[in-house]
Structures are given as C-alpha cells and as structure tokens.
>>> print(open('work04.cif').read())   # mmCIF, C-alpha atoms
data_coords
#
loop_
_atom_site.label_atom_id
_atom_site.label_comp_id
_atom_site.auth_asym_id
_atom_site.auth_seq_id
_atom_site.Cartn_x
_atom_site.Cartn_y
_atom_site.Cartn_z
CA MET P 10 0.00 0.00 0.00
CA ASN P 11 1.13 3.54 -0.81
CA CYS P 12 2.51 5.17 2.35
CA TRP P 13 0.60 8.38 1.67
CA ILE P 14 -2.72 6.51 1.41
CA LEU P 15 -1.91 4.74 4.67
CA PHE P 16 -1.13 8.08 6.31
CA GLU P 17 -4.42 9.56 5.06
CA GLN P 18 -6.43 6.62 6.44
CA LEU P 19 -4.72 6.85 9.82
CA LEU P 20 -5.31 10.61 9.83
CA VAL P 21 -9.05 10.04 9.34
CA LEU P 22 -9.12 7.58 12.24
CA LEU P 23 -7.14 10.05 14.37
CA ALA P 24 -9.71 12.75 13.59
CA ILE P 25 -12.52 10.45 14.76
CA ILE P 26 -10.56 9.68 17.94
CA ALA P 27 -10.19 13.44 18.52
CA THR P 28 -13.96 13.76 18.09
CA GLY P 29 -14.46 11.12 20.80
CA TYR P 30 -12.05 13.05 23.03
CA MET P 31 -14.07 16.25 22.60
CA VAL P 32 -17.40 14.46 23.01
CA TYR P 33 -16.35 13.16 26.43
CA SER P 34 -14.57 16.38 27.47
CA ASP P 35 -17.69 18.42 26.62
CA LYS P 36 -19.79 15.94 28.66
CA ILE P 37 -21.92 14.94 25.68
CA ILE P 38 -21.34 11.42 26.99
CA ASP P 39 -20.44 10.58 30.58
CA ASP P 40 -18.79 7.56 32.20
CA LYS P 41 -21.99 5.55 31.93
CA GLY P 42 -22.34 6.42 28.24
CA TYR P 43 -18.69 5.52 27.63
CA SER P 44 -19.17 2.14 29.31
CA GLN P 45 -22.33 1.45 27.32
CA LEU P 46 -20.72 2.41 23.99
CA SER P 47 -17.69 0.26 24.77
CA SER P 48 -19.91 -2.72 25.55
CA LEU P 49 -21.92 -2.13 22.35
CA VAL P 50 -18.74 -2.15 20.24
CA VAL P 51 -17.23 -5.25 21.87
CA ARG P 52 -20.38 -7.37 22.17
CA ILE P 53 -22.31 -6.39 19.02
CA LEU P 54 -20.57 -4.23 16.42
CA ASN P 55 -17.11 -5.85 16.36
CA PRO P 56 -18.59 -9.36 15.92
CA PHE P 57 -20.89 -8.13 13.14
CA LEU P 58 -17.96 -6.42 11.40
CA MET P 59 -16.11 -9.76 11.39
CA ILE P 60 -19.07 -11.47 9.74
CA SER P 61 -19.63 -8.63 7.25
CA GLY P 62 -16.01 -9.08 6.14
CA VAL P 63 -16.86 -12.42 4.55
CA LEU P 64 -20.56 -12.14 3.80
CA GLY P 65 -21.45 -11.53 0.17
CA LYS P 66 -17.86 -10.76 -0.86
CA ARG P 67 -15.40 -12.43 -3.18
CA ILE P 68 -12.31 -13.25 -1.17
CA ALA P 69 -9.27 -14.47 -3.08
CA PHE P 70 -7.43 -16.24 -0.27
CA SER P 71 -6.17 -19.74 -0.98
CA SER P 72 -5.94 -22.55 1.57
CA ALA P 73 -2.18 -21.94 1.64
CA ASP P 74 -2.82 -18.30 2.60
CA ILE P 75 -5.13 -19.38 5.41
CA TRP P 76 -2.68 -21.92 6.80
CA GLN P 77 0.10 -19.37 6.63
CA ASN P 78 -2.13 -16.96 8.57
CA ILE P 79 -2.84 -19.63 11.20
CA ASN P 80 0.92 -20.20 11.57
CA PHE P 81 1.35 -16.44 12.09
CA VAL P 82 -1.35 -16.50 14.79
CA ILE P 83 0.40 -19.33 16.64
CA ALA P 84 3.81 -17.68 16.24
CA LEU P 85 2.50 -14.31 17.46
CA TYR P 86 0.90 -15.58 20.66
CA PHE P 87 3.79 -17.94 21.44
CA THR P 88 6.25 -15.05 20.99
CA LEU P 89 4.18 -12.74 23.21
CA PHE P 90 3.85 -15.47 25.84
CA VAL P 91 7.64 -15.86 26.03
CA LEU P 92 8.25 -12.10 25.88
CA GLY P 93 5.97 -11.60 28.88
CA PHE P 94 8.26 -13.67 31.08
CA VAL P 95 11.40 -12.10 29.59
CA TYR P 96 10.16 -8.52 30.03
CA VAL P 97 9.14 -8.83 33.69
CA ARG P 98 12.48 -10.50 34.41
CA LEU P 99 14.45 -7.74 32.66
CA ILE P 100 12.68 -4.92 34.52
CA ARG P 101 12.94 -6.96 37.74
CA CYS P 102 9.24 -6.89 38.49
CA THR P 103 8.57 -9.51 41.17
CA ASP P 104 5.28 -8.37 42.72
CA ASN P 105 1.70 -9.00 41.56
CA ARG P 106 2.12 -6.36 38.84
CA SER P 107 4.13 -8.91 36.85
CA TYR P 108 0.89 -10.83 36.16
CA LEU P 109 -0.74 -7.66 34.83
CA LEU P 110 2.23 -6.90 32.56
CA ARG P 111 2.28 -10.43 31.20
CA MET P 112 -1.45 -10.19 30.47
CA LEU P 113 -1.05 -6.84 28.69
CA ILE P 114 1.80 -8.25 26.59
CA LEU P 115 0.04 -11.51 25.72
CA LEU P 116 -3.32 -9.93 24.89
CA PRO P 117 -2.85 -6.90 22.62
CA ASN P 118 -5.95 -5.09 21.38
CA VAL P 119 -6.51 -7.11 18.22
CA GLY P 120 -10.27 -6.63 18.22
CA PHE P 121 -11.26 -3.19 19.43
CA MET P 122 -8.54 -1.40 17.41
CA GLY P 123 -7.35 -4.19 15.12
CA ILE P 124 -10.57 -4.84 13.20
CA PRO P 125 -11.35 -1.17 12.38
CA LEU P 126 -7.72 -0.53 11.35
CA VAL P 127 -7.59 -3.55 9.05
CA LYS P 128 -10.96 -2.64 7.56
CA GLU P 129 -9.96 0.94 6.78
CA ILE P 130 -6.35 0.31 5.69
CA LEU P 131 -6.47 -3.04 3.89
CA GLY P 132 -10.15 -3.54 3.11
CA THR P 133 -13.11 -5.48 4.46
CA GLU P 134 -12.05 -8.72 2.75
CA TYR P 135 -8.98 -8.96 5.01
CA ILE P 136 -11.10 -9.14 8.15
CA VAL P 137 -11.44 -12.91 7.68
CA LEU P 138 -7.72 -13.17 8.46
CA VAL P 139 -8.22 -11.09 11.62
CA ALA P 140 -10.95 -13.53 12.71
CA PHE P 141 -8.27 -16.15 13.43
CA TYR P 142 -6.42 -13.69 15.68
CA ILE P 143 -9.69 -12.81 17.45
CA LEU P 144 -10.36 -16.51 17.99
CA GLY P 145 -6.88 -17.02 19.45
CA PHE P 146 -7.23 -13.88 21.57
CA ASN P 147 -10.53 -14.96 23.10
CA LEU P 148 -9.42 -18.54 23.74
CA ILE P 149 -6.39 -17.24 25.64
CA ALA P 150 -8.19 -14.33 27.34
CA TYR P 151 -10.96 -16.50 28.79
CA THR P 152 -8.59 -19.22 30.01
CA TYR P 153 -5.01 -18.17 30.78
CA GLY P 154 -5.99 -14.48 30.80
CA ILE P 155 -8.49 -15.06 33.61
CA HIS P 156 -5.76 -16.91 35.54
CA LEU P 157 -3.35 -13.97 35.18
CA SER P 158 -6.04 -11.47 36.15
CA ALA P 159 -6.92 -13.46 39.26
CA LYS P 160 -3.25 -13.76 40.24
CA TYR P 161 -2.85 -10.00 39.86
CA GLY P 162 -5.72 -9.56 42.31
CA GLY P 163 -4.20 -12.09 44.70
CA LYS P 164 -6.81 -14.76 44.02
CA ASN P 165 -7.14 -18.11 42.26
CA ALA P 166 -9.58 -18.53 39.37
CA LYS P 167 -11.39 -21.67 38.27
CA PHE P 168 -11.95 -22.26 34.57
CA ASN P 169 -15.58 -22.09 33.46
CA PHE P 170 -16.34 -23.43 29.99
CA LYS P 171 -19.30 -21.05 29.66
CA THR P 172 -16.90 -18.09 29.45
CA LEU P 173 -15.84 -19.36 26.02
CA LEU P 174 -19.39 -18.93 24.73
CA ASN P 175 -19.00 -15.20 24.07
CA PRO P 176 -19.76 -13.06 21.00
CA GLY P 177 -16.08 -12.76 20.01
CA ILE P 178 -15.46 -16.50 19.73
CA ILE P 179 -18.89 -17.35 18.30
CA CYS P 180 -18.75 -14.70 15.55
CA ALA P 181 -15.12 -15.48 14.69
CA LEU P 182 -16.14 -19.11 14.15
CA ILE P 183 -19.18 -18.04 12.10
CA ALA P 184 -16.99 -15.82 9.89
CA ILE P 185 -14.52 -18.68 9.34
CA VAL P 186 -17.33 -21.12 8.47
CA ILE P 187 -18.96 -18.64 6.04
CA PHE P 188 -15.58 -18.13 4.38
CA ALA P 189 -14.69 -21.84 4.27
CA TYR P 190 -18.00 -22.95 2.74
CA ASN P 191 -18.70 -19.79 0.72
CA ILE P 192 -22.13 -19.42 2.33
CA THR P 193 -24.54 -16.92 0.81
CA LEU P 194 -27.37 -15.38 2.82
CA PRO P 195 -30.43 -13.40 1.60
CA ALA P 196 -29.73 -9.77 0.64
CA PRO P 197 -31.70 -8.22 3.56
CA ILE P 198 -29.67 -10.22 6.11
CA THR P 199 -26.43 -9.29 4.38
CA SER P 200 -27.42 -5.59 4.41
CA PHE P 201 -28.37 -5.79 8.09
CA VAL P 202 -24.99 -7.31 9.01
CA ASN P 203 -23.10 -4.82 6.85
CA TYR P 204 -24.88 -1.79 8.33
CA LEU P 205 -24.04 -2.85 11.87
CA GLY P 206 -20.48 -3.74 10.89
CA GLU P 207 -19.88 -0.39 9.18
CA SER P 208 -20.91 1.51 12.31
CA CYS P 209 -18.19 -0.28 14.29
CA VAL P 210 -15.30 1.78 12.93
CA VAL P 211 -16.66 5.19 13.93
CA LEU P 212 -17.95 4.13 17.35
CA SER P 213 -14.72 2.24 18.15
CA MET P 214 -12.61 5.32 17.49
CA ILE P 215 -15.00 7.54 19.47
CA VAL P 216 -14.72 5.18 22.43
CA VAL P 217 -10.91 5.27 22.15
CA GLY P 218 -11.04 9.08 22.16
CA ALA P 219 -13.33 9.08 25.20
CA PHE P 220 -10.95 6.72 26.97
CA LEU P 221 -8.06 9.11 26.31
CA ALA P 222 -10.14 11.97 27.72
CA LYS P 223 -10.72 9.91 30.88
CA THR P 224 -6.99 9.16 31.23
CA ASN P 225 -4.34 11.26 32.94
CA LEU P 226 -2.24 11.77 29.79
CA LYS P 227 0.55 13.53 31.67
CA GLN P 228 1.00 10.52 33.91
CA VAL P 229 0.85 8.17 30.92
CA PHE P 230 3.31 9.98 28.66
CA PHE P 231 5.82 11.03 31.31
CA SER P 232 6.13 7.68 33.07
CA LYS P 233 9.45 6.01 32.20
CA GLN P 234 7.96 2.56 32.73
CA ASN P 235 5.05 3.31 30.40
CA LEU P 236 7.32 4.81 27.73
CA LEU P 237 9.62 1.77 27.87
CA PHE P 238 6.64 -0.58 27.59
CA VAL P 239 5.22 1.34 24.62
CA PHE P 240 8.61 1.50 22.86
CA VAL P 241 9.20 -2.23 23.22
CA PHE P 242 5.73 -3.52 22.40
CA MET P 243 4.44 -0.83 20.04
CA PHE P 244 7.65 -0.44 18.03
CA LEU P 245 10.32 -3.10 18.53
CA VAL P 246 8.04 -6.16 18.68
CA PRO P 247 5.88 -5.12 15.66
CA LEU P 248 9.07 -4.40 13.72
CA LEU P 249 10.38 -7.84 14.66
CA MET P 250 7.15 -9.50 13.53
CA VAL P 251 7.26 -7.65 10.20
CA VAL P 252 10.83 -8.81 9.60
CA VAL P 253 9.96 -12.41 10.51
CA SER P 254 6.81 -12.42 8.33
CA LYS P 255 8.82 -11.21 5.32
CA ARG P 256 11.23 -14.14 5.49
#
>>> encode(input="work04.cif", output="structure tokens")
Amino acid sequence: MNCWILFEQLLVLLAIIATGYMVYSDKIIDDKGYSQLSSLVVRILNPFLMISGVLGKRIAFSSADIWQNINFVIALYFTLFVLGFVYVRLIRCTDNRSYLLRMLILLPNVGFMGIPLVKEILGTEYIVLVAFYILGFNLIAYTYGIHLSAKYGGKNAKFNFKTLLNPGIICALIAIVIFAYNITLPAPITSFVNYLGESCVVLSMIVVGAFLAKTNLKQVFFSKQNLLFVFVFMFLVPLLMVVVSKR
C-alpha cells in the first residue's frame, strides 16, 4: 500500500478519535455512556464487522494463505507469551504487577482497534484473516488471561467453559465457516450485518477518544515505565514480527 494513502487513512481515524475526546470532554457522553458504547462495540458491532467481512464478498485467499495466517497467529501468541516472562524479568518486576504486565503483553488489542484498522487500511475482505487472531485472543483471554487477572488480584480462578461462549469466539467461528464454505445469505440479512459492521469503525474510534479523555495523559506519557513498555511492544516487537513475516 502507498505510504501516503496509509497516512491519510490513519489521519481520518485520528480525527474520529479526537472527536471522541471532545465528546467526552464536553460531557456529551459521561462515564456511563462511555461504558455502554464500549460494551456495544465489543459485544455487538465488532462481531458483526467480522461477519460482514466475509458475507457476500469475493475473497481471493487460498488454503495456503489461510494456513500461513494460522501459523502467524500461533507464532505471534507464542512469541508474546515468552516475551511476557522475559520482560518482567528484565525490569525486575517480582510483585503482583508482573501478572498484569504479562497479560497486557500476551493480549494486545486485536479486536477493538485491530478490526477497524484492518478494515480501513487493507479492506473489508482482510477481516477474515483477523478472525483467526480474534479466535486465538478470546481462547487465551478467557482461560489463561483469567488466571493472570486473578493472580494480579491475589486470588485463584477456576476455569468455566461457559466463558468461552461469548460473541467474540462465536462470531469469529461463524466468519470462518462462512468463508470456508462460501455461504450466501439473503440480501436483507447481508445488508443488516453490513450496516451494523460499518458503524463499528466510527464508534470504536470515538470510544478510544473518550478513553483518552478519561486518562491522565501527563501521567501516561511522562512515566518512564510506560514509555519503555510502549517503545518495546508498540515499536520493537511489531518491527520484529514484520521482519519475521517477510522471510
């Protein structure tokens, strides 16, 4: 993709994020509204955007492409799993916060930010590839992620199979099945799914902007620990993954 086109797309998303920042700052939405919008995006709109990415569209991915993508998913989460242990050891974090850091490293925001970014930058047809990452994310988040979260809070958590029956996993599986079997649904259903999916991008970015407005940005951007974390996992690790994927 042309770098200028990529820059323009990111600039548009940044403008929507800024809108969300102003909407919260001007009290057009409050904490309750922010929470409700966030839940709407995660539980309804993101899943529908995944399905709309494969419904009624010609997708030219071969089985080799899909298996390569699955290998990338496995490699990504294995790498992040190992890096979590390495990072907390390097910064000599030995208290409960180490569990939180490992969880943040292992579970990057592949859904809330990942799906809208892929949709806007690469195109809707690429969302089917993201579905495999969402599936991996949810499987880890609702098993090992719950364990890490409980440990951070000084507790022990028991696995409950029902936690896996959530919109993220269910809709990722539906998207994969629709893609694999080239399923076609009636036009009204396709339009319904597409309309809900399209609204995900704008509302996701508005929620991100509202979150930034809720956050103490001075504390975030002037914390050495936060800056180190961001540099390593928002720059070095993505650069490493790009280099590895090109080989």
>>> resolve_selection(input="work04.cif", expression="the PyMOL selection byres ((chain P and resi 83-85) around 12)", output="VMD selection string")
chain P and resid 76 to 82 86 to 92 114 to 117 119 141 to 142 144 to 146 149 246 to 247 249 to 251 253 to 254
>>> residues_around(input="work04.cif", residues="Gln234 (chain P)", least_positions_apart="6", cutoff="12 Å", atoms="only C-alpha atoms", output="ChimeraX atom specification")
/P:96-97,100-102,110,228,240-241
>>> axis_aligned_box(input="work04.cif", around="region 50-57 of chain P", padding_each_side="5 Å", output="AutoDock Vina command-line options")
--center_x -19.7 --center_y -5.8 --center_z 17.7 --size_x 15.2 --size_y 17.2 --size_z 19.0
>>> residues_around(input="work04.cif", residues="region 186-188 of chain P", least_positions_apart="3", cutoff="8 Å", atoms="only C-alpha atoms", output="mmCIF file with C-alpha atoms, in the coordinates of the input")
data_model
loop_
_atom_site.group_PDB
_atom_site.id
_atom_site.type_symbol
_atom_site.label_atom_id
_atom_site.label_comp_id
_atom_site.auth_asym_id
_atom_site.auth_seq_id
_atom_site.Cartn_x
_atom_site.Cartn_y
_atom_site.Cartn_z
ATOM 1 C CA VAL P 63 -16.860 -12.420 4.550
ATOM 2 C CA LEU P 64 -20.560 -12.140 3.800
ATOM 3 C CA VAL P 137 -11.440 -12.910 7.680
ATOM 4 C CA LEU P 182 -16.140 -19.110 14.150
ATOM 5 C CA ILE P 183 -19.180 -18.040 12.100
ATOM 6 C CA ASN P 191 -18.700 -19.790 0.720
ATOM 7 C CA ILE P 192 -22.130 -19.420 2.330
ATOM 8 C CA THR P 193 -24.540 -16.920 0.810
#
>>> resolve_selection(input="work04.cif", expression="the PyMOL selection byres ((chain P and resi 20-37) around 9)", output="PyMOL selection string")
chain P and resi 15-19+38-40+42-43+126+129+210-223
>>> atom_distance(input="work04.cif", atom1="CA of Lys164 (chain P)", atom2="CA of Tyr108 (chain P)")
11.7 Å
>>> closest_residue(input="work04.cif", among="P:Leu248, P:Ile155, P:Pro195, P:Leu138", to="Phe70 (chain P)", atoms="only C-alpha atoms")
P:Leu138
>>> resolve_selection(input="work04.cif", expression="the PyMOL selection byres ((chain P and resi 105) around 10)", output="list in words")
Cys102, Thr103, Asp104, Arg106, Ser107, Tyr108, Leu109, Leu110, Leu157, Ser158, Ala159, Lys160, Tyr161, Gly162 and Gly163 of chain P
>>> atom_distance(input="work04.cif", atom1="CA of Val202 (chain P)", atom2="CA of Ile60 (chain P)")
7.3 Å
>>> atom_distance(input="work04.cif", atom1="CA of Gln45 (chain P)", atom2="CA of Gly132 (chain P)")
27.6 Å
>>> closest_residue(input="work04.cif", among="P:Cys209, P:Leu148, P:Leu236, P:Val252", to="Leu46 (chain P)", atoms="all atoms listed in the file")
P:Cys209
>>> closest_residue(input="work04.cif", among="P:Leu237, P:Met112, P:Gly123, P:Leu131", to="Thr152 (chain P)", atoms="all atoms listed in the file")
P:Met112
>>> closest_residue(input="work04.cif", among="P:Ser48, P:Ile198, P:Leu113, P:Leu205", to="Val239 (chain P)", atoms="only C-alpha atoms")
P:Leu113
>>> closest_residue(input="work04.cif", among="P:Lys255, P:Thr133, P:Arg111, P:Asn175", to="Arg98 (chain P)", atoms="all atoms listed in the file")
P:Arg111
>>> closest_residue(input="work04.cif", among="P:Ala150, P:Phe242, P:Glu134, P:Lys171", to="Ala69 (chain P)", atoms="only C-alpha atoms")
P:Glu134
